[in-house]
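Down below is the structure, laid out as structure tokens.
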Amino acid sequence: TPARSIAVMLPMQGRYKSVTDAIQAGIVTAWYKQGSSDKPLLRFYDTSDENISFNELYQQAIMDGANYIIGPLDKTRINKLAQAGNLDVPILTLNYAENPLSLSDKLYQFGLLPEDEARQVAELAIRDNHTTAAVLVPDSDWGRRLQDAFSRRFEELGGSVLSVQRYPTNVDDYSRQLKMLFNLDDSEARHKDLQRVLGTRLNFMPYRRQDIDMIFLAGTNREARGIIPALKFHHAGDLPVYATSHVYSGYLDKNADRDLDGVIFCDLPWTLTTDNTLKQNFNTTWKDQRTYTRLFALGIDAYNIVQNLQYLQTHNYARFSGETGSISMDENQRLHRELLWAKFKNGKPVYLDLSIPPDNTAADAAKQS
């Protein structure tokens with residue numbers, strides 16, 4: 001069914017207002033860009049009023065003529081929708097239910113799912129012949145989710161996660177976690193024992209564990225800028241570091257990002273391509289809110305995907321080439337994004353072309369990092 005009228009249902013007040021503003025701006029931008037005379041009507045509904053249930057808004061939108069819905073954003077509502085069974089009108093949510101199984105054949109789930117990114121990091125690391133990983137994630141629910149997604153996929157593909165540390169999100173000194181990650185404490189203890197036995201001071205270089213051939217790092221741009229130099233200080237500067245898009249702010253800052261040199265990360269086509277007129281418009285109009293750049297891209301894709309849901313659902317291996325990635329749908333009608341890859345060089349992300357075969361050995365990869 002062609003989209004004649006699309007209802008956008010997002011929280012327009014309160015703590016998610018800035019998020020909604022960026023997504024809506026993306027939706028409206030995509031609507032303008034469509035340019036055709038028969039493009040759908042857009043109507044916006046505010047889900048932040050506690051006194052009106054999502055179901056009431058949904059029914060109102062249908063009465064107003066909507067034949068597709070974009071939203072909601074919060075997991076609690078999406079969990080309910082996934083269990084609700086039959087829906088009158090297809091809904092494209094902008095987040096994911098906790099349970100992958102949905103009871104409704106008209107519920108489609110889309111968003112910037114960080115677990116998708118962690119799984120793709122595992123796949124690239126294995127492709128690059130790394131098989132033994134150290135994992136460093138923030139001590140938070142988000143960090144644990146990324147640790148779990150990376151570890152599961154890495155081990156499914158034959159890798160082993162040998163060491164895991166979670167760092168507190170409110171510190172700037174990561175040395176305690178890094179010493180534990182690489183068993184440097186054991187090395188220091190052996191040095192002290194030896195000095196005591198010999199009764200003399202010995203020159204000492206801590207020796208990190210040698211059975212790890214890569215690091216998976218989950219963290220924000222700010223955290224990564226502190227962690228990467230600390231890795232070098234703790235004798236792990238030769239290990240390749242793989243990360244999700246969160247290590248990159250989304251815009252060039254060569255001086256600040258020089259500390260990230262060598263880090264390989266996945267990100268949206270929107271963020272990594274420079275010849276994009278929509279992105280240039282965003283950078284001009286949204287100068288003060290550039291942190292929302294990926295949510296703007298999410299809005300563009302949500303608008304375009306709504307009109308391609310049937311195609312994605314009915315064609316095996318169908319892909320939609322979006323701003324947030326190459327998008328496909330699984331059997332539970334959850335949409336997944338395949339991202340692009342880049343590596344920091346001189347403080348700048350440089351696109352990595354994966355059509356070029358990987359290095360033959362993990363050692364080669366480590367040398368090049």
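Residue numbering restarts at 1 for every chain of the structure tokens, chains are lettered A, B, ... in their displayed order, and ligands are numbered from 1 as they appear.
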If we count only C-alpha atoms, what is near range 247-252 of chain A at a cut-off of 7 Å, once residues fewer than 6 positions away on the same chain are taken out, given as a ChimeraX atom specification?
/A:219-221,224,271,291,348
ask   = By how many Å are CA of Pro229 in chain A and CA of Leu260 in chain A apart?
value =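 These atoms are spaced 7.9 Å apart.
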As a list of chain:residue names, please: the residues near Tyr32 in chain A (cut-off 12 Å, only C-alpha atoms, same-chain neighbours under 5 positions excluded). A:Ala25, A:Gly26, A:Ile27, A:Ser37, A:Asp38, A:Lys39, A:Pro40, A:Leu41, A:Leu42, A:Leu278, A:Ile300, A:Tyr303, A:Asn304
From range 46-247 of chain A, collect each residue whose DSSP state is alpha helix (DSSP H) and return the set as number ranges by chain. A: 54-63, 75-83, 114-127, 141-156, 175-181, 184-198, 221-233
Original post:
Near Leu309 in chain A, counting only C-alpha atoms, which residues have an atom at most 12 Å away, once you skip same-chain residues fewer than 4 positions from it, shown as a ChimeraX atom specification?
Top reply: /A:1-3,68-70,90-92,105-110,301-305,313-315,318-320,327-330,333-335
#### Entry: Residues flagged strand (DSSP E or B) by DSSP in range 112-351 of chain A, as a ChimeraX atom specification
/A:132-138,160-167,214-217,241-243,264-267,320-321,326-329,334-338,340-345,348-351
With distances taken over only C-alpha atoms, the candidate from A:Leu57, A:Leu268, A:Val263, A:Ile78 nearest Asn346 in chain A is A:Val263
Legend entry - Nearby residues (only C-alpha atoms) at most 8 Å from Ile126 in chain A, same-chain spacing under 4 positions excluded, as a count of residues only: 6
Residue nearest Leu103 in chain A among A:Ala82, A:Asp88, A:Leu298, A:Asp288 (counting only C-alpha atoms):
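Ranking A:Ala82, A:Asp88, A:Leu298, A:Asp288 by distance to Leu103 in chain A, first place goes to A:Ala82.
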Between CA of Glu123 in chain A and CA of Gly226 in chain A lies a distance of 25.9 Å
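A straight line drawn from CA of Ser355 in chain A to CA of Gly322 in chain A is 19.5 Å long.
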